[in-house]
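Q: upload23.txt is the file, holding compact mmCIF, C-alpha atoms:
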# COMPACT_ATOMS: atom_id res chain seq x y z
CA MET E 28 117.88 171.93 110.32
CA ASN E 29 117.09 168.84 112.40
CA VAL E 30 120.14 166.82 113.42
CA ILE E 31 117.83 164.13 114.80
CA ASP E 32 114.48 163.40 113.23
CA VAL E 33 113.05 160.00 114.17
CA SER E 34 109.48 158.79 114.30
CA ASN E 35 107.71 155.79 115.77
CA LEU E 36 110.90 153.90 116.72
CA VAL E 37 110.27 150.44 118.12
CA LYS E 38 112.90 148.01 119.33
CA ARG E 39 112.03 144.64 120.79
CA PHE E 40 114.18 142.12 122.57
CA GLY E 41 112.18 138.93 122.41
CA ALA E 42 108.54 139.72 123.15
CA ARG E 43 109.42 142.85 125.15
CA ALA E 44 109.24 146.25 123.46
CA VAL E 45 112.11 148.21 125.00
CA VAL E 46 111.52 151.23 122.78
CA ASP E 47 107.84 151.76 122.03
CA HIS E 48 106.98 154.26 119.29
CA VAL E 49 109.47 156.99 120.22
CA SER E 50 109.51 160.11 118.08
CA MET E 51 111.74 163.14 118.49
CA GLN E 52 113.23 166.00 116.59
CA VAL E 53 116.33 167.88 117.70
CA ARG E 54 117.47 170.98 115.87
CA GLN E 55 121.08 171.91 115.28
CA GLY E 56 122.51 173.75 118.31
CA GLU E 57 119.94 172.41 120.79
CA ILE E 58 120.91 170.62 123.97
CA VAL E 59 118.37 167.98 124.90
CA GLY E 60 118.07 165.80 128.01
CA PHE E 61 116.57 162.35 127.71
CA LEU E 62 115.08 161.41 131.08
CA GLY E 63 113.46 158.26 132.39
CA PRO E 64 113.88 155.48 134.93
CA ASN E 65 116.33 152.61 134.50
CA GLY E 66 115.09 150.14 131.90
CA SER E 67 112.90 152.67 130.10
CA GLY E 68 114.76 152.41 126.78
CA LYS E 69 116.93 155.54 126.86
CA THR E 70 120.19 153.77 126.03
CA THR E 71 118.55 151.60 123.37
CA THR E 72 117.05 154.69 121.71
CA ILE E 73 120.43 156.43 121.76
CA ARG E 74 122.09 153.34 120.26
CA ILE E 75 119.52 153.37 117.43
CA MET E 76 120.28 157.04 116.77
CA CYS E 77 124.04 156.29 116.75
CA GLY E 78 123.63 153.62 114.09
CA LEU E 79 124.55 150.82 116.49
CA LEU E 80 121.11 149.18 116.48
CA THR E 81 118.45 148.95 113.79
CA PRO E 82 114.88 149.60 114.89
CA ASP E 83 112.26 146.93 114.36
CA GLU E 84 109.80 149.62 113.32
CA GLY E 85 109.93 153.32 112.62
CA GLU E 86 112.15 155.55 110.56
CA GLY E 87 114.38 158.50 110.85
CA LYS E 88 117.45 160.46 110.01
CA VAL E 89 120.43 161.53 112.06
CA LEU E 90 122.56 164.30 110.52
CA GLY E 91 120.58 163.72 107.34
CA TYR E 92 121.52 160.02 107.15
CA ASP E 93 118.91 157.26 107.19
CA ILE E 94 119.11 155.24 110.42
CA ARG E 95 118.35 152.02 108.54
CA THR E 96 120.57 152.28 105.48
CA GLU E 97 123.35 154.73 106.38
CA ALA E 98 124.40 153.62 109.86
CA LEU E 99 128.10 153.64 108.94
CA LYS E 100 127.93 157.29 107.92
CA ILE E 101 126.16 158.13 111.18
CA LYS E 102 128.86 156.36 113.21
CA ARG E 103 131.58 158.45 111.56
CA GLU E 104 129.83 161.76 112.32
CA VAL E 105 128.53 161.11 115.86
CA GLY E 106 130.43 161.10 119.13
CA TYR E 107 128.85 158.63 121.54
CA MET E 108 129.90 158.35 125.16
CA THR E 109 128.44 155.27 126.79
CA GLN E 110 127.52 154.85 130.45
CA LYS E 111 130.69 152.82 131.02
CA PHE E 112 133.37 153.65 128.51
CA SER E 113 135.99 150.95 127.96
CA PHE E 114 139.70 151.57 127.65
CA TYR E 115 142.76 149.45 127.41
CA GLU E 116 143.82 149.87 131.02
CA ASP E 117 147.40 148.75 130.32
CA LEU E 118 147.84 151.51 127.70
CA THR E 119 148.58 155.13 128.48
CA ILE E 120 146.09 157.91 127.91
CA ALA E 121 147.92 158.90 124.71
CA GLU E 122 148.07 155.29 123.47
CA ASN E 123 144.33 154.88 124.00
CA LEU E 124 143.69 158.06 122.02
CA GLU E 125 146.08 156.91 119.27
CA PHE E 126 144.04 153.72 119.01
CA VAL E 127 140.82 155.71 118.62
CA ALA E 128 142.47 158.01 116.06
CA ARG E 129 143.40 154.95 113.99
CA LEU E 130 139.81 153.66 114.15
CA TYR E 131 138.59 156.96 112.73
CA GLU E 132 141.49 157.08 110.24
CA LEU E 133 142.54 160.52 111.51
CA ASN E 134 145.72 162.01 110.09
CA PRO E 135 148.11 163.12 111.29
CA ILE E 136 147.42 160.96 114.35
CA ALA E 137 149.93 162.74 116.58
CA LYS E 138 148.32 166.15 115.96
CA PHE E 139 144.81 164.90 116.70
CA VAL E 140 146.03 163.23 119.89
CA ASP E 141 148.08 166.23 121.03
CA ASP E 142 145.28 168.70 120.31
CA THR E 143 142.74 166.55 122.16
CA LEU E 144 145.04 166.06 125.15
CA ASP E 145 145.53 169.83 125.28
CA ASP E 146 141.82 170.65 124.84
CA LEU E 147 140.81 168.46 127.78
CA GLY E 148 143.70 169.20 130.12
CA LEU E 149 145.21 165.74 129.79
CA THR E 150 148.65 166.67 128.44
CA SER E 151 150.43 166.32 131.78
CA ARG E 152 148.94 162.82 132.17
CA ARG E 153 149.54 161.61 128.61
CA ASN E 154 151.90 158.83 129.79
CA GLN E 155 149.74 157.69 132.70
CA LEU E 156 148.20 154.23 132.38
CA ALA E 157 144.43 154.46 131.87
CA GLY E 158 143.89 151.79 134.51
CA THR E 159 145.36 154.05 137.20
CA LEU E 160 143.01 156.98 136.56
CA SER E 161 140.32 158.03 139.03
CA GLY E 162 136.68 157.96 137.91
CA GLY E 163 136.69 161.65 136.98
CA TRP E 164 139.85 161.37 134.89
CA LYS E 165 138.49 158.25 133.17
CA GLN E 166 135.40 160.23 132.21
CA ARG E 167 137.59 163.00 130.84
CA LEU E 168 139.51 160.43 128.76
CA ALA E 169 136.21 158.98 127.54
CA LEU E 170 135.06 162.43 126.46
CA ALA E 171 138.38 163.01 124.71
CA ALA E 172 137.95 159.77 122.76
CA CYS E 173 134.41 160.77 121.78
CA ILE E 174 135.24 164.25 120.50
CA MET E 175 138.68 163.73 118.96
CA HIS E 176 137.22 163.10 115.49
CA ARG E 177 135.28 166.38 115.77
CA PRO E 178 131.77 164.90 115.56
CA LYS E 179 128.85 166.94 114.30
CA LEU E 180 126.64 165.47 117.03
CA LEU E 181 127.58 164.39 120.55
CA LEU E 182 125.39 161.90 122.41
CA LEU E 183 126.20 161.34 126.09
CA ASP E 184 124.62 158.43 127.95
CA GLU E 185 124.87 159.15 131.69
CA PRO E 186 128.37 160.58 131.30
CA THR E 187 128.84 161.37 134.99
CA ALA E 188 127.25 158.30 136.59
CA GLY E 189 129.35 157.10 139.52
CA VAL E 190 131.57 160.20 139.50
CA ASP E 191 132.04 162.41 142.57
CA PRO E 192 130.41 165.88 142.55
CA LYS E 193 133.69 167.79 141.99
CA ALA E 194 134.62 165.64 138.99
CA ARG E 195 131.04 165.97 137.69
CA ARG E 196 131.30 169.79 137.74
CA GLU E 197 134.70 169.65 136.01
CA PHE E 198 133.30 167.32 133.36
CA TRP E 199 130.49 169.70 132.44
CA ASP E 200 132.91 172.62 132.43
CA GLU E 201 134.89 170.79 129.71
CA ILE E 202 131.86 170.57 127.48
Could the structure of this file be written out as structure tokens, please?
A:
Amino acid sequence: MNVIDVSNLVKRFGARAVVDHVSMQVRQGEIVGFLGPNGSGKTTTIRIMCGLLTPDEGEGKVLGYDIRTEALKIKREVGYMTQKFSFYEDLTIAENLEFVARLYELNPIAKFVDDTLDDLGLTSRRNQLAGTLSGGWKQRLALAACIMHRPKLLLLDEPTAGVDPKARREFWDEI
């Protein structure tokens, strides 16, 4: 089964085609890298596949849902970690995860938060303010927020950019 099946995606901003007839198929269980220079449309393509942007041309399905008409369903089933994940820096790690749990309407919230903190080795830091975390720990929190709702598909957009090599290795060990 293909979890991603898109063809001839085009996205323009003004007169500039940022995504120009991109097609790809990704089967369940595959790990795929999406490489290209800055400004080549990688993030825009990922955002189309997450249901965050609608293509100007092309068609496709993600997890069996149409990218044009079922974007909300895609958003509920996909975990998307952006290049620069945003937190409420004046909230603790646990409070940030509680916020995300509410967005996804997860119940019981406390169990989802506790399990996620435990899974990613964040339990001892649960009461630490997000704004005081190092880059590596912020990335770990971002990953926690992206996987807490147990997505069927995880899309990572430069998840270790700007992170030191040790934290980068630890991040990939978590996945």
Q: Tell me which of E:Gly41, E:Gly91, E:Gly60, E:Pro135 sits closest to Lys179 (chain E), counting all atoms listed in the file.
A: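 Closest to Lys179 (chain E), using all atoms listed in the file: E:Gly91.
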Q: What's around region 113-117 of chain E at 9 Å? Count all atoms listed in the file, leave out sequence neighbours fewer than 6 positions away in its own chain, and write the answer as number ranges by chain.
A: E: 123, 156-159, 165, 168-169
Q: Just to confirm, what's the straight-line distance from CA of Gln55 (chain E) to CA of Leu149 (chain E) in Å (one decimal)?
A: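 One can read the CA of Gln55 (chain E) to CA of Leu149 (chain E) distance as 28.8 Å.
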Q: Could you jot down the CA of Val105 (chain E) to CA of Leu181 (chain E) separation for me, Å, one decimal place?
A: 5.8 Å
Q: May I ask for the distance between CA of Glu122 (chain E) and CA of Leu183 (chain E), given in Å to one decimal place?
A: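 That distance, rounded to one decimal, is 22.8 Å.
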Q: Skipping near chain neighbours, those fewer than 3 positions away, what residues fall within 9 Å of Asp83 (chain E) using all atoms listed in the file, listed as an NGL selection string?
A: :E and (36-39)
Q: Write out as a ChimeraX atom specification the residues lying within 12 Å of Arg74 (chain E), counting only C-alpha atoms and excluding same-chain residues fewer than 6 positions away.
A: /E:36,38,46,68,80-82,89,94,98,101-102,105-110,182-184
Q: Which one of E:Gly162, E:Val49, E:Ala128, E:Ile120 sits closest to Leu144 (chain E) if you count all atoms listed in the file?
A: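 Comparing E:Gly162, E:Val49, E:Ala128, E:Ile120 against Leu144 (chain E), the winner is E:Ile120.
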Q: Quick one: everything within 7 Å of Met175 (chain E), counting all atoms listed in the file, minus sequence neighbours fewer than 3 positions away in the same chain. Send it as a PyMOL selection string.
A: chain E and resi 139+143+171-172
Q: Complete region 157-168 of chain E at the level of all heavy atoms, written as a PDB file, in the frame of the given file.
A:
ATOM      1  N   ALA E 157     145.875 154.202 131.717  1.00  0.00           N
ATOM      2  CA  ALA E 157     144.430 154.460 131.870  1.00  0.00           C
ATOM      3  C   ALA E 157     143.863 153.733 133.083  1.00  0.00           C
ATOM      4  O   ALA E 157     142.966 154.247 133.752  1.00  0.00           O
ATOM      5  CB  ALA E 157     143.692 154.049 130.601  1.00  0.00           C
ATOM      6  N   GLY E 158     144.392 152.561 133.383  1.00  0.00           N
ATOM      7  CA  GLY E 158     143.890 151.790 134.510  1.00  0.00           C
ATOM      8  C   GLY E 158     144.158 152.414 135.870  1.00  0.00           C
ATOM      9  O   GLY E 158     143.558 152.019 136.867  1.00  0.00           O
ATOM     10  N   THR E 159     145.038 153.399 135.924  1.00  0.00           N
ATOM     11  CA  THR E 159     145.360 154.050 137.200  1.00  0.00           C
ATOM     12  C   THR E 159     144.597 155.350 137.412  1.00  0.00           C
ATOM     13  O   THR E 159     144.768 155.994 138.443  1.00  0.00           O
ATOM     14  CB  THR E 159     146.883 154.341 137.296  1.00  0.00           C
ATOM     15  OG1 THR E 159     147.229 155.327 136.316  1.00  0.00           O
ATOM     16  CG2 THR E 159     147.704 153.080 137.106  1.00  0.00           C
ATOM     17  N   LEU E 160     143.756 155.725 136.460  1.00  0.00           N
ATOM     18  CA  LEU E 160     143.010 156.980 136.560  1.00  0.00           C
ATOM     19  C   LEU E 160     141.851 156.864 137.536  1.00  0.00           C
ATOM     20  O   LEU E 160     141.223 155.801 137.648  1.00  0.00           O
ATOM     21  CB  LEU E 160     142.456 157.382 135.189  1.00  0.00           C
ATOM     22  CG  LEU E 160     143.465 157.715 134.100  1.00  0.00           C
ATOM     23  CD1 LEU E 160     142.753 157.865 132.761  1.00  0.00           C
ATOM     24  CD2 LEU E 160     144.230 158.975 134.448  1.00  0.00           C
ATOM     25  N   SER E 161     141.520 157.971 138.190  1.00  0.00           N
ATOM     26  CA  SER E 161     140.320 158.030 139.030  1.00  0.00           C
ATOM     27  C   SER E 161     139.098 158.079 138.108  1.00  0.00           C
ATOM     28  O   SER E 161     139.214 158.284 136.895  1.00  0.00           O
ATOM     29  CB  SER E 161     140.345 159.284 139.898  1.00  0.00           C
ATOM     30  OG  SER E 161     140.197 160.442 139.078  1.00  0.00           O
ATOM     31  N   GLY E 162     137.918 157.945 138.700  1.00  0.00           N
ATOM     32  CA  GLY E 162     136.680 157.960 137.910  1.00  0.00           C
ATOM     33  C   GLY E 162     136.510 159.226 137.087  1.00  0.00           C
ATOM     34  O   GLY E 162     136.125 159.185 135.927  1.00  0.00           O
ATOM     35  N   GLY E 163     136.828 160.376 137.700  1.00  0.00           N
ATOM     36  CA  GLY E 163     136.690 161.650 136.980  1.00  0.00           C
ATOM     37  C   GLY E 163     137.635 161.767 135.805  1.00  0.00           C
ATOM     38  O   GLY E 163     137.258 162.257 134.736  1.00  0.00           O
ATOM     39  N   TRP E 164     138.878 161.319 135.983  1.00  0.00           N
ATOM     40  CA  TRP E 164     139.850 161.370 134.890  1.00  0.00           C
ATOM     41  C   TRP E 164     139.506 160.353 133.810  1.00  0.00           C
ATOM     42  O   TRP E 164     139.736 160.593 132.628  1.00  0.00           O
ATOM     43  CB  TRP E 164     141.272 161.168 135.417  1.00  0.00           C
ATOM     44  CG  TRP E 164     141.785 162.386 136.114  1.00  0.00           C
ATOM     45  CD1 TRP E 164     141.868 162.595 137.457  1.00  0.00           C
ATOM     46  CD2 TRP E 164     142.247 163.585 135.494  1.00  0.00           C
ATOM     47  NE1 TRP E 164     142.351 163.850 137.710  1.00  0.00           N
ATOM     48  CE2 TRP E 164     142.607 164.482 136.528  1.00  0.00           C
ATOM     49  CE3 TRP E 164     142.396 164.002 134.176  1.00  0.00           C
ATOM     50  CZ2 TRP E 164     143.100 165.759 136.280  1.00  0.00           C
ATOM     51  CZ3 TRP E 164     142.899 165.272 133.928  1.00  0.00           C
ATOM     52  CH2 TRP E 164     143.233 166.136 134.960  1.00  0.00           C
ATOM     53  N   LYS E 165     138.926 159.224 134.179  1.00  0.00           N
ATOM     54  CA  LYS E 165     138.490 158.250 133.170  1.00  0.00           C
ATOM     55  C   LYS E 165     137.371 158.843 132.314  1.00  0.00           C
ATOM     56  O   LYS E 165     137.341 158.656 131.101  1.00  0.00           O
ATOM     57  CB  LYS E 165     138.013 156.950 133.829  1.00  0.00           C
ATOM     58  CG  LYS E 165     139.143 156.083 134.307  1.00  0.00           C
ATOM     59  CD  LYS E 165     138.647 154.790 134.908  1.00  0.00           C
ATOM     60  CE  LYS E 165     139.838 153.945 135.347  1.00  0.00           C
ATOM     61  NZ  LYS E 165     139.418 152.687 135.977  1.00  0.00           N
ATOM     62  N   GLN E 166     136.481 159.586 132.962  1.00  0.00           N
ATOM     63  CA  GLN E 166     135.400 160.230 132.210  1.00  0.00           C
ATOM     64  C   GLN E 166     135.959 161.271 131.259  1.00  0.00           C
ATOM     65  O   GLN E 166     135.498 161.418 130.132  1.00  0.00           O
ATOM     66  CB  GLN E 166     134.383 160.861 133.166  1.00  0.00           C
ATOM     67  CG  GLN E 166     133.584 159.862 133.966  1.00  0.00           C
ATOM     68  CD  GLN E 166     132.812 158.899 133.107  1.00  0.00           C
ATOM     69  OE1 GLN E 166     133.306 157.840 132.757  1.00  0.00           O
ATOM     70  NE2 GLN E 166     131.601 159.253 132.767  1.00  0.00           N
ATOM     71  N   ARG E 167     136.968 161.993 131.700  1.00  0.00           N
ATOM     72  CA  ARG E 167     137.590 163.000 130.840  1.00  0.00           C
ATOM     73  C   ARG E 167     138.249 162.318 129.634  1.00  0.00           C
ATOM     74  O   ARG E 167     138.161 162.805 128.508  1.00  0.00           O
ATOM     75  CB  ARG E 167     138.617 163.791 131.634  1.00  0.00           C
ATOM     76  CG  ARG E 167     139.098 165.024 130.914  1.00  0.00           C
ATOM     77  CD  ARG E 167     140.045 165.812 131.767  1.00  0.00           C
ATOM     78  NE  ARG E 167     139.343 166.392 132.898  1.00  0.00           N
ATOM     79  CZ  ARG E 167     139.643 167.550 133.451  1.00  0.00           C
ATOM     80  NH1 ARG E 167     140.652 168.245 132.988  1.00  0.00           N
ATOM     81  NH2 ARG E 167     138.964 168.017 134.458  1.00  0.00           N
ATOM     82  N   LEU E 168     138.910 161.189 129.864  1.00  0.00           N
ATOM     83  CA  LEU E 168     139.510 160.430 128.760  1.00  0.00           C
ATOM     84  C   LEU E 168     138.422 159.919 127.810  1.00  0.00           C
ATOM     85  O   LEU E 168     138.576 159.977 126.588  1.00  0.00           O
ATOM     86  CB  LEU E 168     140.347 159.273 129.301  1.00  0.00           C
ATOM     87  CG  LEU E 168     140.932 158.302 128.274  1.00  0.00           C
ATOM     88  CD1 LEU E 168     141.762 159.017 127.210  1.00  0.00           C
ATOM     89  CD2 LEU E 168     141.745 157.217 128.978  1.00  0.00           C
TER      90      LEU E 168
END
